[in-house]
2 protein chains.
Amino acid sequence: MLKTDGLIIGGSAVGLATAVSAKNRFPDKKIMVLRKEEKVMVPCGIPYIFGSLEGSDQNIMPTDAKFKSMDIDFKVAEVESIDSDNQKVTLKGGEELTYEKLVIATGSLPKRLSWLKGRDLDSVFTIPKRKDYLDDMHKQLADKRKVTIIGGGFIGVEVADELTKTNHEVTIVEKLPHILEAAFDEEFTGKAEEIMHEQGIKLKTGIGVTELTGNGKVDKVILEDGSEIETDAVILSMGYTPNSELASQWGIPVNSNGFIKVDEYMRTPVKNILAVGDCAEKHDFVTRKVTNMMLASTACAEGRIAGMNLFKLNAIKTFSGTISIYSTSINGSAFGTAGLTEAAAKAEGFEVVSGYFEGVDRHPGKLPGSHKQAVKLIVARESGVVIGGEAFGGPSVGELTNLLGFIIQSRTHVSTIQTAQIGTQPMLTASPAAYPLINAANQAAVKMRK
Amino acid sequence: MLKTDGLIIGGSAVGLATAVSAKNRFPDKKIMVLRKEEKVMVPCGIPYIFGSLEGSDQNIMPTDAKFKSMDIDFKVAEVESIDSDNQKVTLKGGEELTYEKLVIATGSLPKRLSWLKGRDLDSVFTIPKRKDYLDDMHKQLADKRKVTIIGGGFIGVEVADELTKTNHEVTIVEKLPHILEAAFDEEFTGKAEEIMHEQGIKLKTGIGVTELTGNGKVDKVILEDGSEIETDAVILSMGYTPNSELASQWGIPVNSNGFIKVDEYMRTPVKNILAVGDCAEKHDFVTRKVTNMMLASTACAEGRIAGMNLFKLNAIKTFSGTISIYSTSINGSAFGTAGLTEAAAKAEGFEVVSGYFEGVDRHPGKLPGSHKQAVKLIVARESGVVIGGEAFGGPSVGELTNLLGFIIQSRTHVSTIQTAQIGTQPMLTASPAAYPLINAANQAAVKMRK
């Protein structure tokens with residue numbers, strides 16, 4: 001029987017982050033990561049294997065060298081059962097491993113969508129994180145010109161962008177009134193839709209899909225109003241479900257959406273078992289409600305917290321609750337969001353004001369490579385605390401969004417942004433007098449006084 | 001006699017920021033900006049008129065439309081005298097204006113360097129913010145192939161980068177051991193020097209200049225070791241001095257370096273007179289010492305604080321003291337810094353640990369346009385508070401540096417960064433498991449425990 005100290009089930013980004021954090025903090029402990037496949041996909045990189053990358057081989061997580069240099073063990077294996085009373089895991093094939101602490105990092109799977117008629121026709125794909133599936137899908141898509149993507153969230157949008165670059169005719173169907181609507185207010189979804197129109201991507205928004213039809217192979221998508229889209233392939237991008245079956249089966253409690261119950265330090269109710277990432281329950285930072293959010297970056301933050309505290313609680317978690325922070329890129333323009341949108345805040349019952357400012361991400365704006373940049377801030381009116389932020393612009397929007405995220409996590413008052421010192425540089429940022437983040441704060445402050 | 005409420009002397013970025021903030025906060029007040037020239041340069045954009053821009057006409061501050069739409073007045077005029085007893089300013093030509101509050105935003109001038117022999121030869125330039133001078137200089141440089149820049153701070157480096165793009169042979173002479181040494185530790189100055197070498201820029205570091213020689217027109221730079229550099233032109237980029245002569249002459253106290261004395265709300269010791277920007281005294285955020293730092297972005301933060309509080313203190317300044325935050329771009333690579341370098345912190349007597357992590361700014365790294373990215377954090381060992389950060393990478397470094405700046409201004413503990421949630425995206429940021437900022441924090445935390 002193989003003895004481990006920290007045993008991590010799942011070898012994607014969050015498993016790696018957990019292992020590295022645990023080993024950094026507890027160098028004498030034996031840390032082992034179990035993973036199902038030899039080669040693990042960079043999860044966020046998957047849309048790019050259909051365009052910007054030369055296939056999935058350029059999207060492999062570079063874990064092995066790092067693991068070896070840090071003295072972290074890994075093993076390609078599937079888990080058969082968990083015996084929490086005896087702190088033991090049995091692998092398929094019968095091998096047993098003991099653990100002092102077990103971390104479940106099994107991630108998520110595309111929703112099955114079994115209610116959708118025609119779901120099992122040929123050329124109907126989902127986007128799982130498995131290399132073999134993705135390689136096959138990539139090959140099959142090569143000679144399919146018309147592709148319909150169902151679901152206009154960020155994965156659907158990124159895949160659409162990439163497939164367009166490789167000469168596909170893409171249609172996105174989204175049930176909500178706008179693409180990316182869960183993450184952005186209309187100032188931003190409007191821009192995203194405009195960019196996609198210009199790229200030639202067809203958008204059917206505000207309407208759902210009732211059925212996929214075809215003779216063996218899909219050839220039509222039927223919408224709620226009875227209209228049809230002729231298509232050579234369909235990609236279902238309608239969300240993911242936590243991969244928690246194993247955990248649930250072996251007695252670890254899950255919530256009604258299938259997420260494994262955890263506390264702030266990622267500990268499940270079962271002694272010595274933790275869960276992190278897409279399979280673990282999250283509470284929203286602002287609303288305090290349970291949220292179904294799944295992001296690799298959030299998962300890794302959870303992995304770090306689990307790893308740092310694996311054998312002894314010592315690193316106080318400084319941000320209680322989960323904030324969605326994410327960015328996406330469409331045909332060279334970038335969109336970022338953190339916290340609540342104005343629409344979501346209002347729907348939740350918050351009294352908010354917002355500030356919006358549009359400028360340019362270089363100064364003077366005549367410099368080559370300059371891109372429009374816009375920032376919106378959503379502020380709780382009475383307390384003045386920033387609860388949401390959105391950004392549009394060029395390649396600097398990813399880090400600008402991380403600044404927004406840090407501002408929200410720090411429960412920053414809008415006046416702190418108004419008086420904040422920033423750094424500006426002609427080739428890298430907006431001008432100091434027209435820096436959109438600060439000007440958006442100024443706009444919000446003006447409205448707070450009204 | 002013209003009556004104003006808020007009168008601002010100086011029409012550069014900080015004058016604009018002050019006026020806009022004052023008008024936002026106090027819409028009923030009459031705000032007027034006096035400026036010397038009809039067309040005001042974007043100060044940070046000046047290096048780019050020598051290369052990336054088609055001359056200074058593309059580097060004009062776009063103030064007029066904004067001023068009009070906000071009902072801010074401006075006037076091209078020079079001030080002759082200030083009468084603080086009667087709250088009155090007299091312009092050259094005799095016109096008089098009264099004020100309720102006066103803001104001095106007269107900026108800075110290139111150091112005269114009268115100790116330098118040969119300083120007054122032809123083809124020896126400084127870099128003031130005056131369009132007429134810069135246009136003449138630009139024209140004169142066109143047919144000068146060999147240009148020697150004395151001073152390897154960020155303006156010297158940016159001008160060198162731009163002149164190289166327009167086919168000049170550039171040499172930088174810097175008295176300190178490395179270029180950009182005041183702002184970066186060796187991990188970063190080394191990279192900057194390597195990039196400049198590859199561009200063909202010659203660097204003479206660790207040696208000063210004793211004399212410029214030539215017959216009417218400069219043709220040689222003589223260094224401290226007696227060696228000579230043949231040159232067609234010299235650009236003196238050895239710093240700026242506060243433009244406070246007018247203020248000093250009319251009774252407003254200045255410190256021993258010529259900066260106008262101000263309190264935290266930018267008020268001078270003279271009633272109803274404020275000063276902001278390069279001409280105003282600053283205290284370092286960490287060391288609390290008086291600092292000679294001059295940055296447009298800092299100036300604008302001061303302008304906002306002065307404007308928001310001009311007629312009534314109401315917006316509490318949330319960051320006490322000045323932090324230098326700046327970034328620069330050399331041949332497509334970007335460098336950013338905030339707070340103290342490790343060298344500066346140690347020289348000041350701080351016990352610090354540092355964390356350093358080098359990764360890639362896209363993920364997977366095979367994505368087109370990816371650039372190495374590195375982050376260093378400087379942490380006060382015992383308190384765990386981050387007091388400095390440096391970054392290297394692609395175009396996202398400008399905003400990443402603003403995140404570092406916000407972290408430092410918020411007196412953030414290193415564990416807050418370790419547990420922070422971030423957002424990542426393949427085309428826009430490093431991967432969630434190898435995000436350099438967080439990994440640098442982890443490295444620092446490991447060292448703190450030793």
# chains A, B, ... in the order shown; residues from 1 in each chain; ligands from 1
>>> select_by_dssp(residues="range 273-400 of chain B", states="alpha helix (DSSP H)", output="list in words")
Ala296, Ser297, Thr298, Ala299, Cys300, Ala301, Glu302, Gly303, Arg304, Ile305, Ala306, Gly307, Met308, Glu342, Ala343, Ala344, Ala345, Lys346, Ala347, Glu348, Val397, Gly398, Glu399 and Leu400 of chain B
>>> interface_residues(of="chain B", to="chain A", cutoff="7 Å", atoms="only C-alpha atoms", output="NGL selection string")
:B and (13 or 17 or 24 or 42 or 44-45 or 52-53 or 58-59 or 296-298 or 300-301 or 304-305 or 315 or 317-319 or 325-329 or 363-364 or 366-368 or 395-396 or 398-400 or 402-403 or 405 or 415-416 or 419-429 or 432-433 or 446)
>>> residues_around(residues="range 8-11 of chain A", least_positions_apart="5", cutoff="10 Å", atoms="only C-alpha atoms", output="count of residues only")
36
>>> select_by_dssp(residues="range 225-348 of chain A", states="strand (DSSP E)", output="ChimeraX atom specification")
/A:228-230,233-236,240-242,273-275,282-283,290-291,325-330,333-339
>>> residues_around(residues="Glu169 in chain A", least_positions_apart="5", cutoff="8 Å", atoms="only C-alpha atoms", output="JSON, numbers by chain")
{"A": [145, 146, 147, 163, 164, 200, 201]}
>>> residues_around(residues="range 226-241 of chain B", least_positions_apart="6", cutoff="6 Å", atoms="only C-alpha atoms", output="list in words")
Ser108, Leu109, Pro110, Lys111, Ser123, Val124, Phe125, Thr126, Lys144, Lys146, Val147, Thr148, Ile149, Ile150, Gly151, Gly156, Asp219 and Lys220 of chain B
>>> atom_distance(atom1="CA of Gln87 in chain A", atom2="CA of Asn309 in chain A")
18.3 Å
>>> closest_residue(among="B:Ser81, B:Glu264, B:Ser383, B:Asn243", to="Lys129 in chain B", atoms="only C-alpha atoms")
B:Asn243
